[in-house]
$ cat input.cif   # mmCIF, C-alpha atoms
data_protein
loop_
_atom_site.label_atom_id
_atom_site.label_comp_id
_atom_site.auth_asym_id
_atom_site.auth_seq_id
_atom_site.Cartn_x
_atom_site.Cartn_y
_atom_site.Cartn_z
CA MET A 119 51.31 -6.43 28.19
CA LEU A 120 52.25 -2.98 29.22
CA PRO A 121 55.92 -2.21 29.26
CA SER A 122 57.08 -1.34 32.72
CA LEU A 123 57.62 2.37 33.18
CA ARG A 124 58.92 4.31 36.06
CA LYS A 125 56.02 5.79 37.88
CA SER A 126 57.60 9.20 38.36
CA GLY A 127 56.82 12.28 36.26
CA PRO A 128 53.81 13.38 34.19
CA SER A 129 55.51 12.72 30.83
CA HIS A 130 56.07 9.08 31.72
CA ARG A 131 52.45 8.72 32.86
CA LEU A 132 51.28 10.21 29.59
CA GLY A 133 53.56 7.89 27.66
CA ARG A 134 52.10 4.87 29.44
CA LEU A 135 48.56 6.05 28.71
CA VAL A 136 49.35 6.49 25.02
CA ILE A 137 50.87 3.05 24.74
CA ALA A 138 47.92 1.53 26.65
CA GLY A 139 45.54 3.32 24.30
CA VAL A 140 47.28 2.00 21.20
CA LEU A 141 47.34 -1.58 22.47
CA LEU A 142 43.71 -1.41 23.63
CA GLY A 143 42.68 0.05 20.30
CA ALA A 144 44.47 -2.66 18.40
CA GLY A 145 42.94 -5.32 20.63
CA ASN A 146 39.40 -4.19 19.69
CA PHE A 147 39.94 -4.74 15.97
CA LEU A 148 42.43 -7.52 15.66
CA PRO A 149 42.06 -11.04 16.95
CA ARG A 150 45.01 -12.30 18.89
CA ALA A 151 46.76 -14.26 16.19
CA ALA A 152 50.30 -15.32 16.07
CA ASN A 153 50.50 -14.57 12.31
CA ALA A 154 49.77 -11.41 10.31
CA ALA A 155 46.72 -9.43 11.37
CA GLU A 156 43.37 -10.75 10.16
CA ALA A 157 39.83 -9.50 10.33
CA SER A 158 36.50 -10.70 9.05
CA ILE A 159 33.31 -9.32 7.62
CA SER A 160 30.12 -11.33 7.51
CA ILE A 161 27.49 -11.05 4.78
CA ASP A 162 23.99 -11.74 6.10
CA ASN A 163 20.61 -10.63 4.82
CA PHE A 164 22.13 -8.45 2.11
CA THR A 165 24.22 -6.57 4.71
CA PHE A 166 27.94 -6.34 5.37
CA THR A 167 28.69 -6.65 9.09
CA PRO A 168 30.45 -4.68 10.41
CA ALA A 169 29.50 -2.03 7.87
CA GLN A 170 32.58 -0.07 8.83
CA LEU A 171 35.77 -1.86 9.80
CA THR A 172 39.02 -0.25 10.90
CA VAL A 173 42.21 -2.26 10.53
CA ALA A 174 45.96 -1.78 10.49
CA ALA A 175 47.80 -1.66 7.18
CA GLY A 176 48.70 -5.15 6.03
CA THR A 177 45.61 -6.75 7.54
CA LYS A 178 43.96 -9.54 5.58
CA VAL A 179 40.19 -9.08 5.61
CA THR A 180 38.01 -12.11 4.87
CA TRP A 181 34.40 -11.79 3.70
CA THR A 182 32.11 -14.77 4.26
CA ASN A 183 28.73 -15.02 2.51
CA HIS A 184 25.98 -16.52 4.68
CA ASP A 185 23.13 -15.60 2.31
CA ASP A 186 21.38 -18.00 -0.05
CA ILE A 187 22.13 -15.50 -2.81
CA PRO A 188 25.61 -14.80 -4.20
CA HIS A 189 27.32 -11.49 -3.55
CA LEU A 190 30.46 -9.76 -4.80
CA VAL A 191 32.86 -7.38 -3.09
CA VAL A 192 33.98 -4.57 -5.37
CA ASP A 193 35.85 -1.35 -4.72
CA ALA A 194 33.41 1.54 -5.12
CA LYS A 195 35.85 3.93 -6.76
CA ASP A 196 37.90 1.57 -8.89
CA PRO A 197 36.44 -1.87 -9.67
CA GLN A 198 39.83 -3.06 -10.88
CA ALA A 199 41.50 -2.32 -7.53
CA MET A 200 39.47 -4.87 -5.61
CA LYS A 201 36.97 -7.32 -7.08
CA SER A 202 36.00 -10.68 -5.67
CA PRO A 203 34.66 -13.54 -7.75
CA PRO A 204 30.95 -14.29 -7.21
CA LEU A 205 30.67 -15.63 -3.66
CA ASP A 206 28.03 -18.29 -3.37
CA THR A 207 26.55 -19.45 -0.05
CA GLY A 208 29.36 -20.32 2.34
CA ASP A 209 32.11 -18.98 0.08
CA ARG A 210 34.76 -16.74 1.52
CA TRP A 211 37.25 -14.36 -0.03
CA ALA A 212 40.16 -12.43 1.45
CA PHE A 213 41.93 -9.22 0.50
CA ALA A 214 45.02 -7.76 2.16
CA PHE A 215 44.92 -4.00 2.59
CA ALA A 216 48.52 -2.88 2.22
CA LYS A 217 48.12 0.90 2.14
CA PRO A 218 46.38 3.18 4.62
CA GLY A 219 43.24 4.86 3.38
CA THR A 220 39.47 4.66 3.37
CA TYR A 221 38.14 1.97 1.03
CA ALA A 222 34.45 2.10 0.21
CA TYR A 223 33.15 -1.08 -1.39
CA PHE A 224 29.80 -2.48 -2.48
CA CYS A 225 28.19 -5.61 -3.87
CA ALA A 226 28.17 -5.44 -7.66
CA LEU A 227 25.05 -7.60 -7.77
CA HIS A 228 23.14 -5.60 -5.18
CA PRO A 229 24.66 -2.12 -5.26
CA HIS A 230 22.63 -0.85 -2.32
CA MET A 231 24.82 -3.13 -0.15
CA GLN A 232 27.77 -1.02 0.91
CA GLY A 233 30.60 -1.07 3.42
CA THR A 234 33.87 0.64 4.28
CA VAL A 235 37.27 -0.57 5.37
CA ILE A 236 39.42 2.09 7.02
CA VAL A 237 43.07 1.18 6.95
CA ARG A 238 45.36 2.93 9.38
CA MET B 236 -11.21 -0.81 -12.37
CA ALA B 237 -13.57 0.03 -15.22
CA GLY B 238 -16.00 -2.70 -16.25
CA ILE B 239 -15.49 -4.53 -19.52
CA ASN B 240 -17.75 -3.60 -22.36
CA GLU B 241 -18.99 -6.94 -23.68
CA ASN B 242 -19.67 -5.94 -27.28
CA GLY B 243 -16.30 -4.32 -27.69
CA SER B 244 -17.51 -0.82 -28.39
CA GLY B 245 -16.66 2.19 -26.32
CA TYR B 246 -13.84 4.64 -26.33
CA ARG B 247 -10.77 2.59 -27.07
CA ARG B 248 -7.58 3.04 -29.00
CA ARG B 249 -5.99 0.77 -31.50
CA GLY B 250 -3.13 -1.50 -30.51
CA PHE B 251 -3.26 -2.32 -26.81
CA LEU B 252 -1.40 -5.10 -25.23
CA THR B 253 -3.18 -7.43 -22.88
CA CYS B 254 -1.32 -9.52 -20.40
CA MET B 255 -2.41 -12.98 -19.34
CA VAL B 256 -0.52 -14.08 -16.28
CA TRP B 257 -0.48 -17.73 -15.41
CA ALA B 258 0.10 -18.98 -11.93
CA GLY B 259 -2.68 -21.35 -10.97
CA THR B 260 -5.45 -18.88 -11.61
CA GLY B 261 -4.80 -16.84 -14.73
CA VAL B 262 -5.59 -13.21 -15.13
CA LEU B 263 -6.19 -11.41 -18.42
CA TRP B 264 -5.08 -7.81 -18.34
CA THR B 265 -6.24 -5.29 -20.87
CA VAL B 266 -4.77 -1.86 -21.06
CA SER B 267 -7.25 0.40 -22.74
CA GLY B 268 -6.29 3.99 -23.34
CA GLY B 269 -4.00 3.69 -20.35
CA VAL B 270 -6.64 2.26 -18.04
CA PRO B 271 -5.98 -1.30 -16.88
CA ARG B 272 -8.75 -3.87 -16.62
CA SER B 273 -8.51 -7.41 -15.41
CA ALA B 274 -10.61 -10.49 -15.99
CA LEU B 275 -10.15 -14.03 -14.72
CA LEU B 276 -9.14 -16.50 -17.39
CA GLY B 277 -12.15 -18.56 -18.45
CA SER B 278 -14.66 -15.94 -17.42
CA ALA B 279 -17.24 -14.40 -19.77
CA ALA B 280 -15.41 -11.11 -19.47
CA GLN B 281 -12.20 -12.70 -20.65
CA ALA B 282 -13.96 -14.35 -23.58
CA ALA B 283 -15.11 -10.94 -24.73
CA GLU B 284 -11.50 -9.81 -24.80
CA LYS B 285 -10.24 -12.62 -27.00
CA PRO B 286 -7.27 -11.49 -29.11
CA THR B 287 -8.24 -11.13 -32.76
CA GLY B 288 -5.31 -12.83 -34.45
CA ASP B 289 -2.73 -10.20 -33.81
CA LEU B 290 0.66 -10.58 -32.21
CA THR B 291 0.96 -12.81 -29.15
CA PHE B 292 4.15 -13.54 -27.30
CA MET B 293 5.33 -15.14 -24.06
CA GLN B 294 7.57 -13.89 -21.28
CA ILE B 295 9.55 -15.90 -18.76
CA SER B 296 12.05 -14.55 -16.27
CA ASP B 297 14.56 -15.26 -13.53
CA SER B 298 15.15 -18.96 -14.13
CA HIS B 299 18.31 -18.82 -11.92
CA ILE B 300 19.69 -22.15 -13.14
CA GLY B 301 22.31 -23.08 -10.53
CA PHE B 302 20.28 -21.98 -7.52
CA ALA B 303 19.55 -24.89 -5.18
CA HIS B 304 18.33 -23.70 -1.78
CA PRO B 305 14.97 -23.53 -0.04
CA PRO B 306 12.36 -23.13 -1.38
CA ASN B 307 13.57 -24.67 -4.65
CA MET B 308 16.25 -27.35 -4.93
CA ASP B 309 15.43 -28.00 -8.60
CA THR B 310 15.39 -24.86 -10.75
CA PRO B 311 15.85 -26.83 -14.00
CA GLY B 312 12.74 -28.79 -13.00
CA THR B 313 10.60 -25.71 -12.42
CA LEU B 314 11.93 -24.15 -15.63
CA ARG B 315 10.88 -27.30 -17.48
CA GLU B 316 7.41 -27.00 -16.00
CA ALA B 317 7.28 -23.34 -17.01
CA ILE B 318 8.27 -24.21 -20.57
CA ALA B 319 5.64 -26.96 -20.62
CA ALA B 320 3.09 -24.33 -19.58
CA VAL B 321 4.36 -22.02 -22.32
CA SER B 322 3.99 -24.83 -24.88
CA ARG B 323 0.44 -25.56 -23.76
CA ARG B 324 -0.70 -21.93 -23.81
CA LYS B 325 1.33 -20.46 -26.61
CA GLY B 326 -1.31 -20.82 -29.29
CA THR B 327 -0.16 -18.62 -32.15
CA ALA B 328 2.58 -16.91 -30.12
CA SER B 329 5.33 -15.60 -32.38
CA LEU B 330 8.14 -15.35 -29.90
CA MET B 331 9.21 -15.44 -26.29
CA ILE B 332 11.26 -13.03 -24.24
CA HIS B 333 13.38 -13.90 -21.20
CA THR B 334 13.87 -10.90 -18.96
CA GLY B 335 17.12 -12.10 -17.43
CA ASP B 336 18.82 -13.97 -14.58
CA VAL B 337 18.84 -16.97 -16.87
CA SER B 338 21.63 -18.43 -14.71
CA HIS B 339 22.51 -18.00 -11.07
CA LEU B 340 26.28 -17.62 -11.35
CA SER B 341 27.02 -17.05 -15.07
CA ARG B 342 28.52 -20.53 -15.37
CA PRO B 343 28.62 -22.12 -18.83
CA GLU B 344 26.89 -25.32 -17.69
CA GLN B 345 24.06 -23.20 -16.23
CA PHE B 346 23.63 -21.32 -19.52
CA ASP B 347 23.73 -24.68 -21.34
CA THR B 348 21.01 -26.22 -19.22
CA ALA B 349 18.77 -23.16 -19.51
CA GLU B 350 19.17 -22.93 -23.26
CA GLN B 351 18.38 -26.60 -23.74
CA ILE B 352 15.23 -26.45 -21.65
CA ILE B 353 14.01 -23.21 -23.22
CA ARG B 354 14.45 -24.67 -26.70
CA GLY B 355 11.64 -27.06 -25.73
CA ALA B 356 9.13 -24.24 -26.11
CA ARG B 357 9.96 -24.11 -29.82
CA LEU B 358 9.66 -20.36 -29.84
CA ASP B 359 12.08 -17.79 -31.14
CA THR B 360 13.44 -16.49 -27.82
CA HIS B 361 14.96 -13.08 -27.14
CA TYR B 362 17.03 -12.53 -24.00
CA VAL B 363 18.23 -9.63 -21.91
CA PRO B 364 20.73 -10.21 -19.10
CA GLY B 365 20.13 -10.12 -15.38
CA GLU B 366 22.91 -9.18 -12.97
CA HIS B 367 23.48 -12.91 -12.29
CA ASP B 368 24.26 -13.44 -15.98
CA VAL B 369 27.13 -10.95 -16.32
CA LEU B 370 29.37 -11.94 -13.39
CA VAL B 371 32.14 -13.22 -15.58
CA ASP B 372 34.24 -11.45 -18.21
CA ASN B 373 31.96 -8.43 -18.53
CA GLY B 374 29.04 -10.56 -19.62
CA LYS B 375 30.74 -11.80 -22.79
CA PRO B 376 29.69 -15.45 -22.33
CA PHE B 377 26.06 -14.38 -21.95
CA PHE B 378 26.04 -12.07 -24.95
CA ALA B 379 27.86 -14.53 -27.19
CA ARG B 380 25.24 -17.15 -26.48
CA PHE B 381 22.01 -15.22 -25.97
CA ALA B 382 22.32 -11.88 -27.77
CA LYS B 383 24.33 -12.50 -30.89
CA GLY B 384 22.76 -9.72 -32.93
CA ALA B 385 22.95 -7.12 -30.19
CA LYS B 386 25.07 -4.01 -30.01
CA ALA B 387 28.32 -4.41 -28.05
CA GLY B 388 26.57 -3.27 -24.88
CA GLY B 389 23.92 -5.97 -25.23
CA TRP B 390 20.95 -3.84 -26.34
CA TYR B 391 18.95 -4.36 -29.51
CA SER B 392 15.59 -3.89 -31.20
CA PHE B 393 13.48 -5.65 -33.79
CA ASP B 394 10.01 -5.55 -35.29
CA GLN B 395 7.39 -8.29 -35.22
CA GLN B 396 3.98 -7.97 -36.84
CA GLY B 397 3.96 -4.23 -36.52
CA VAL B 398 5.14 -4.11 -32.90
CA HIS B 399 8.58 -2.70 -32.14
CA PHE B 400 10.52 -4.63 -29.49
CA ILE B 401 13.46 -3.11 -27.61
CA GLY B 402 15.77 -5.19 -25.39
CA LEU B 403 17.76 -3.13 -22.88
CA ASN B 404 20.65 -4.01 -20.57
CA ASN B 405 20.40 -2.28 -17.20
CA VAL B 406 22.55 -4.60 -15.08
CA MET B 407 26.09 -3.51 -15.85
CA ASN B 408 28.39 -0.75 -14.60
CA LEU B 409 26.29 -0.48 -11.49
CA LYS B 410 27.41 2.20 -9.07
CA ALA B 411 27.75 1.76 -5.32
CA GLY B 412 24.47 2.64 -3.66
CA GLY B 413 22.78 2.82 -7.05
CA LEU B 414 20.00 0.93 -8.79
CA GLY B 415 19.87 -0.53 -12.29
CA PHE B 416 21.75 1.52 -14.87
CA LEU B 417 21.36 2.09 -18.60
CA GLY B 418 24.19 4.53 -19.31
CA ASN B 419 24.55 7.34 -21.80
CA GLU B 420 25.58 5.24 -24.80
CA GLN B 421 22.54 2.99 -24.51
CA LEU B 422 20.18 5.92 -23.95
CA GLU B 423 21.50 7.76 -26.98
CA TRP B 424 21.02 4.60 -29.04
CA LEU B 425 17.45 4.31 -27.72
CA GLU B 426 16.68 7.91 -28.63
CA GLY B 427 17.95 7.30 -32.17
CA ASP B 428 16.09 4.02 -32.48
CA LEU B 429 12.76 5.66 -31.63
CA GLN B 430 13.22 8.92 -33.47
CA ALA B 431 11.71 8.13 -36.87
CA ARG B 432 8.96 5.87 -35.60
CA SER B 433 5.28 6.74 -35.82
CA ALA B 434 3.65 7.41 -32.46
CA SER B 435 0.99 4.84 -33.30
CA GLN B 436 3.43 1.95 -33.50
CA PRO B 437 3.10 -0.18 -30.35
CA ILE B 438 6.37 -0.45 -28.46
CA VAL B 439 7.44 -3.23 -26.12
CA VAL B 440 10.52 -2.50 -23.99
CA PHE B 441 12.02 -5.30 -21.96
CA ALA B 442 14.85 -5.16 -19.44
CA HIS B 443 15.76 -7.08 -16.32
CA VAL B 444 15.51 -4.50 -13.53
CA PRO B 445 12.26 -2.51 -13.36
CA LEU B 446 12.61 0.75 -15.27
CA TRP B 447 10.52 2.54 -12.69
CA THR B 448 11.28 2.66 -8.99
CA VAL B 449 9.45 -0.17 -7.28
CA TYR B 450 11.50 -0.07 -4.06
CA ALA B 451 14.78 1.88 -4.00
CA GLU B 452 15.96 0.42 -0.68
CA TRP B 453 16.28 -3.00 -2.28
CA GLY B 454 17.71 -1.69 -5.53
CA TRP B 455 14.44 -2.26 -7.39
CA GLY B 456 14.60 0.52 -9.95
CA THR B 457 16.81 2.07 -12.64
CA ASP B 458 18.84 5.19 -11.89
CA ASP B 459 18.43 6.67 -15.37
CA GLY B 460 15.18 4.92 -16.29
CA ALA B 461 13.30 8.21 -16.39
CA ARG B 462 15.33 9.31 -19.40
CA ALA B 463 14.33 6.18 -21.32
CA LEU B 464 10.69 6.75 -20.40
CA ALA B 465 10.91 10.33 -21.63
CA TYR B 466 11.88 9.07 -25.11
CA LEU B 467 8.86 6.72 -25.03
CA LYS B 468 6.39 9.32 -23.88
CA ARG B 469 5.01 10.31 -27.27
CA PHE B 470 4.00 6.78 -28.28
CA GLY B 471 0.38 5.71 -28.01
CA SER B 472 1.02 2.23 -26.70
CA VAL B 473 4.09 1.34 -24.65
CA THR B 474 4.49 -1.81 -22.63
CA VAL B 475 7.46 -2.19 -20.31
CA LEU B 476 8.22 -5.75 -19.25
CA ASN B 477 10.72 -6.44 -16.49
CA GLY B 478 11.80 -9.18 -14.10
CA HIS B 479 14.28 -9.09 -11.21
CA ILE B 480 11.81 -8.79 -8.34
CA HIS B 481 10.29 -12.28 -8.70
CA GLN B 482 6.72 -11.08 -8.25
CA ILE B 483 4.07 -9.35 -10.25
CA MET B 484 3.78 -5.62 -10.04
CA GLN B 485 1.83 -3.54 -12.50
CA LYS B 486 1.45 0.14 -13.06
CA VAL B 487 -0.04 2.31 -15.73
CA GLU B 488 1.16 5.82 -16.33
CA GLY B 489 -0.39 7.61 -19.27
CA HIS B 490 0.07 5.32 -22.27
CA VAL B 491 2.75 3.23 -20.62
CA ALA B 492 1.89 -0.06 -18.95
CA PHE B 493 4.56 -1.56 -16.69
CA HIS B 494 4.56 -5.21 -15.75
CA THR B 495 7.04 -7.31 -13.82
CA ALA B 496 7.03 -11.08 -14.13
CA ARG B 497 7.22 -13.92 -11.67
CA SER B 498 10.35 -16.02 -11.55
CA THR B 499 10.39 -19.64 -12.66
CA ALA B 500 12.74 -20.38 -9.73
CA PHE B 501 11.71 -18.78 -6.43
CA PRO B 502 9.54 -15.96 -5.08
CA GLN B 503 10.82 -12.87 -3.32
CA PRO B 504 9.04 -10.89 -0.62
CA ALA B 505 6.90 -7.86 -1.28
CA PRO B 506 8.78 -4.59 -0.71
CA GLY B 507 9.54 -3.93 2.93
CA THR B 508 7.90 -7.10 4.22
CA ALA B 509 11.20 -8.82 5.00
CA PRO B 510 14.66 -7.73 6.13
CA SER B 511 16.08 -8.37 2.66
CA PRO B 512 14.97 -9.24 -0.89
CA GLY B 513 16.35 -12.81 -0.73
CA PRO B 514 14.28 -15.88 -1.61
CA ILE B 515 11.19 -16.60 0.49
CA LYS B 516 12.35 -19.80 2.15
CA ASN B 517 9.37 -20.98 4.15
CA VAL B 518 6.92 -21.51 1.32
CA PRO B 519 4.31 -24.06 2.53
CA PRO B 520 4.70 -27.46 0.85
CA GLY B 521 2.89 -27.67 -2.47
CA GLN B 522 2.59 -23.89 -2.75
CA LEU B 523 5.82 -23.11 -4.56
CA ARG B 524 4.34 -23.42 -8.03
CA SER B 525 1.54 -21.01 -7.24
CA LEU B 526 4.23 -18.38 -6.68
CA LEU B 527 6.05 -19.02 -9.97
CA GLY B 528 4.78 -18.29 -13.42
CA VAL B 529 4.92 -17.31 -17.08
CA THR B 530 3.33 -14.40 -18.91
CA SER B 531 1.45 -14.29 -22.17
CA VAL B 532 0.99 -11.00 -23.92
CA ALA B 533 -1.35 -10.29 -26.80
CA ARG B 534 -1.96 -7.27 -28.91
CA VAL B 535 -5.64 -6.55 -29.12
CA ARG B 536 -6.68 -4.54 -32.11
CA THR B 537 -10.18 -3.35 -31.40
CA ARG B 538 -12.76 -1.45 -33.33
CA SER B 539 -12.22 2.18 -32.62
CA PRO B 540 -15.29 4.36 -32.91
CA LEU B 541 -14.70 8.04 -32.76
CA ALA B 542 -14.93 9.49 -29.34
CA ILE B 543 -18.14 11.46 -29.36
CA VAL B 544 -18.70 13.94 -26.68
CA ASP B 545 -22.07 15.68 -26.61
CA THR B 546 -21.99 19.12 -25.19
CA MET B 547 -25.21 20.95 -24.71
CA LEU B 548 -25.34 24.27 -26.51
CA SER B 549 -26.39 25.92 -23.37
CA ALA B 550 -23.37 24.57 -21.41
#
$ encode --input "input.cif" --output "structure tokens"
Amino acid sequence: MLPSLRKSGPSHRLGRLVIAGVLLGAGNFLPRAANAAEASISIDNFTFTPAQLTVAAGTKVTWTNHDDIPHLVVDAKDPQAMKSPPLDTGDRWAFAFAKPGTYAYFCALHPHMQGTVIVR
Amino acid sequence: MAGINENGSGYRRRGFLTCMVWAGTGVLWTVSGGVPRSALLGSAAQAAEKPTGDLTFMQISDSHIGFAHPPNMDTPGTLREAIAAVSRRKGTASLMIHTGDVSHLSRPEQFDTAEQIIRGARLDTHYVPGEHDVLVDNGKPFFARFAKGAKAGGWYSFDQQGVHFIGLNNVMNLKAGGLGFLGNEQLEWLEGDLQARSASQPIVVFAHVPLWTVYAEWGWGTDDGARALAYLKRFGSVTVLNGHIHQIMQKVEGHVAFHTARSTAFPQPAPGTAPSPGPIKNVPPGQLRSLLGVTSVARVRTRSPLAIVDTMLSA
């Protein structure tokens, strides 16, 4: 819902556009949930989808494995920073990204499977 | 492929390894001076290649105990059948190697089941881990159970009837976007292990992920495998046995013969023929077992006449 702004003046119009842009942007990436922001990544056919996901800081991202083969989610730079247990078929695992940054991750079983979470 | 010389003469070198691969129809492979030859089991050609009492051993791979999806809901069952096949065909086999992915999820009950079934072959069995075996606690449960005498990193070597066996671990510390990985410590150990050996000693190297690049897009290769192969280059007979890809692929490069084994659990597609390397699910009923298998390897010590090349004086 856009806040009501007086229609006069270019600075007010710009302000309204900026706010609209921010809300629209957020709406693309975050489901409308009453609680803290959540997002999801699906694992199908040895691929993370979406391969690149942008979320707001504090978002809880849940990976769900739809393959018949287990996969893991591990931080590419520092395996200790983020490492899921082995996710068998149907298993899901969530991680809350507190700090902004770009987090490259991969599957430790199948290292050619890679993805990125960009936290703003 | 070159024809087989029935009386065994010809230009051959001492100490080849032949591979018999069972999966319905068996194939006998002979690697002679780097040139592979195949003969169907039971054929006259195969009879001429009969091993002459030297080392024979078996290989199984990718048992994936814990996997229960199409096309195989009973991996302990197919492993039992594989071990029954090993028992029937082992003859004078001295040992067996398992090239990894013993379990599907590194769970203790999966390791237990596998170990119990494999004991039924009554063969001294040597294991290397697959990536599915080291998911927990840096692989410690696997190594404690299956590689007691190994170095801390899980690699080891031993001799059997004149053949030097080397078990490598290329499934840990994998890098994002990478393939299998041996690491500097293991490679330095390998270099040292081979240093004093005579070039005429046959070497068998076994590791889970193929040491050469079968298909990089699916992770079927080893990032630093070339370095290991460089240390093996000077040896007259090298056999590299791998698993991981759940199908047979063979390659000969100089004196090195590469062979990947079938799984005892489920087949995987040929490179690039499917969107991903996952299990082939729609195997026609009754066909699953023709896509699974065990491998028998024999050292064939042949008579080795001198290579005589006649050159005309006027040439």
$ closest_residue --input "input.cif" --among "A:Thr177, A:Asn163, A:Thr220, A:Thr234" --to "chain B" --atoms "only C-alpha atoms"
A:Asn163
$ resolve_selection --input "input.cif" --expression "the PyMOL selection byres ((chain A) within 12 of (chain B))" --output "PyMOL selection string"
chain A and resi 161-165+184-197+201-207+222-234
$ write_last_selection --input "input.cif" --atoms "C-alpha atoms" --output "PDB file, in the frame of the given file"
ATOM      1  CA  ILE A 161      27.490 -11.050   4.780  1.00  0.00           C
ATOM      2  CA  ASP A 162      23.990 -11.740   6.100  1.00  0.00           C
ATOM      3  CA  ASN A 163      20.610 -10.630   4.820  1.00  0.00           C
ATOM      4  CA  PHE A 164      22.130  -8.450   2.110  1.00  0.00           C
ATOM      5  CA  THR A 165      24.220  -6.570   4.710  1.00  0.00           C
ATOM      6  CA  HIS A 184      25.980 -16.520   4.680  1.00  0.00           C
ATOM      7  CA  ASP A 185      23.130 -15.600   2.310  1.00  0.00           C
ATOM      8  CA  ASP A 186      21.380 -18.000  -0.050  1.00  0.00           C
ATOM      9  CA  ILE A 187      22.130 -15.500  -2.810  1.00  0.00           C
ATOM     10  CA  PRO A 188      25.610 -14.800  -4.200  1.00  0.00           C
ATOM     11  CA  HIS A 189      27.320 -11.490  -3.550  1.00  0.00           C
ATOM     12  CA  LEU A 190      30.460  -9.760  -4.800  1.00  0.00           C
ATOM     13  CA  VAL A 191      32.860  -7.380  -3.090  1.00  0.00           C
ATOM     14  CA  VAL A 192      33.980  -4.570  -5.370  1.00  0.00           C
ATOM     15  CA  ASP A 193      35.850  -1.350  -4.720  1.00  0.00           C
ATOM     16  CA  ALA A 194      33.410   1.540  -5.120  1.00  0.00           C
ATOM     17  CA  LYS A 195      35.850   3.930  -6.760  1.00  0.00           C
ATOM     18  CA  ASP A 196      37.900   1.570  -8.890  1.00  0.00           C
ATOM     19  CA  PRO A 197      36.440  -1.870  -9.670  1.00  0.00           C
ATOM     20  CA  LYS A 201      36.970  -7.320  -7.080  1.00  0.00           C
ATOM     21  CA  SER A 202      36.000 -10.680  -5.670  1.00  0.00           C
ATOM     22  CA  PRO A 203      34.660 -13.540  -7.750  1.00  0.00           C
ATOM     23  CA  PRO A 204      30.950 -14.290  -7.210  1.00  0.00           C
ATOM     24  CA  LEU A 205      30.670 -15.630  -3.660  1.00  0.00           C
ATOM     25  CA  ASP A 206      28.030 -18.290  -3.370  1.00  0.00           C
ATOM     26  CA  THR A 207      26.550 -19.450  -0.050  1.00  0.00           C
ATOM     27  CA  ALA A 222      34.450   2.100   0.210  1.00  0.00           C
ATOM     28  CA  TYR A 223      33.150  -1.080  -1.390  1.00  0.00           C
ATOM     29  CA  PHE A 224      29.800  -2.480  -2.480  1.00  0.00           C
ATOM     30  CA  CYS A 225      28.190  -5.610  -3.870  1.00  0.00           C
ATOM     31  CA  ALA A 226      28.170  -5.440  -7.660  1.00  0.00           C
ATOM     32  CA  LEU A 227      25.050  -7.600  -7.770  1.00  0.00           C
ATOM     33  CA  HIS A 228      23.140  -5.600  -5.180  1.00  0.00           C
ATOM     34  CA  PRO A 229      24.660  -2.120  -5.260  1.00  0.00           C
ATOM     35  CA  HIS A 230      22.630  -0.850  -2.320  1.00  0.00           C
ATOM     36  CA  MET A 231      24.820  -3.130  -0.150  1.00  0.00           C
ATOM     37  CA  GLN A 232      27.770  -1.020   0.910  1.00  0.00           C
ATOM     38  CA  GLY A 233      30.600  -1.070   3.420  1.00  0.00           C
ATOM     39  CA  THR A 234      33.870   0.640   4.280  1.00  0.00           C
TER      40      THR A 234
END
$ residues_around --input "input.cif" --residues "Pro519 (chain B)" --least-positions-apart "6" --cutoff "12 Å" --atoms "all atoms listed in the file" --output "PyMOL selection string"
chain B and resi 305-307+525-526
$ residues_around --input "input.cif" --residues "Val173 (chain A)" --least-positions-apart "2" --cutoff "7 Å" --atoms "all atoms listed in the file" --output "PDB file with C-alpha atoms, in the coordinates of the input"
ATOM      1  CA  PHE A 147      39.940  -4.740  15.970  1.00  0.00           C
ATOM      2  CA  LEU A 171      35.770  -1.860   9.800  1.00  0.00           C
ATOM      3  CA  ALA A 175      47.800  -1.660   7.180  1.00  0.00           C
ATOM      4  CA  THR A 177      45.610  -6.750   7.540  1.00  0.00           C
ATOM      5  CA  ILE A 236      39.420   2.090   7.020  1.00  0.00           C
ATOM      6  CA  VAL A 237      43.070   1.180   6.950  1.00  0.00           C
ATOM      7  CA  ARG A 238      45.360   2.930   9.380  1.00  0.00           C
TER       8      ARG A 238
END
$ residues_around --input "input.cif" --residues "Thr360 (chain B)" --least-positions-apart "4" --cutoff "8 Å" --atoms "all atoms listed in the file" --output "PyMOL selection string"
chain B and resi 330-333
$ write_last_selection --input "input.cif" --atoms "C-alpha atoms" --output "compact mmCIF listing (two decimals), keeping the file's coordinate frame"
# COMPACT_ATOMS: atom_id res chain seq x y z
CA LEU B 330 8.14 -15.35 -29.90
CA MET B 331 9.21 -15.44 -26.29
CA ILE B 332 11.26 -13.03 -24.24
CA HIS B 333 13.38 -13.90 -21.20
$ resolve_selection --input "input.cif" --expression "the PyMOL selection byres ((chain A and resi 213) around 9)" --output "ChimeraX atom specification"
/A:177-181,200,202,211-212,214-215
$ closest_residue --input "input.cif" --among "B:Pro445, B:Gly389, B:Gly528, B:Gly326" --to "His479 (chain B)" --atoms "only C-alpha atoms"
B:Pro445
$ atom_distance --input "input.cif" --atom1 "CA of Gln396 (chain B)" --atom2 "CA of Lys468 (chain B)"
21.7 Å
$ residues_around --input "input.cif" --residues "Ser298 (chain B)" --least-positions-apart "2" --cutoff "6 Å" --atoms "only C-alpha atoms" --output "ChimeraX atom specification"
/B:296,300,337,499-500
$ write_last_selection --input "input.cif" --atoms "C-alpha atoms" --output "JSON list (two decimals), keeping the file's coordinate frame"
[["chain", "number", "residue", "atom", "x", "y", "z"],
["B", 296, "SER", "CA", 12.05, -14.55, -16.27],
["B", 300, "ILE", "CA", 19.69, -22.15, -13.14],
["B", 337, "VAL", "CA", 18.84, -16.97, -16.87],
["B", 499, "THR", "CA", 10.39, -19.64, -12.66],
["B", 500, "ALA", "CA", 12.74, -20.38, -9.73]]
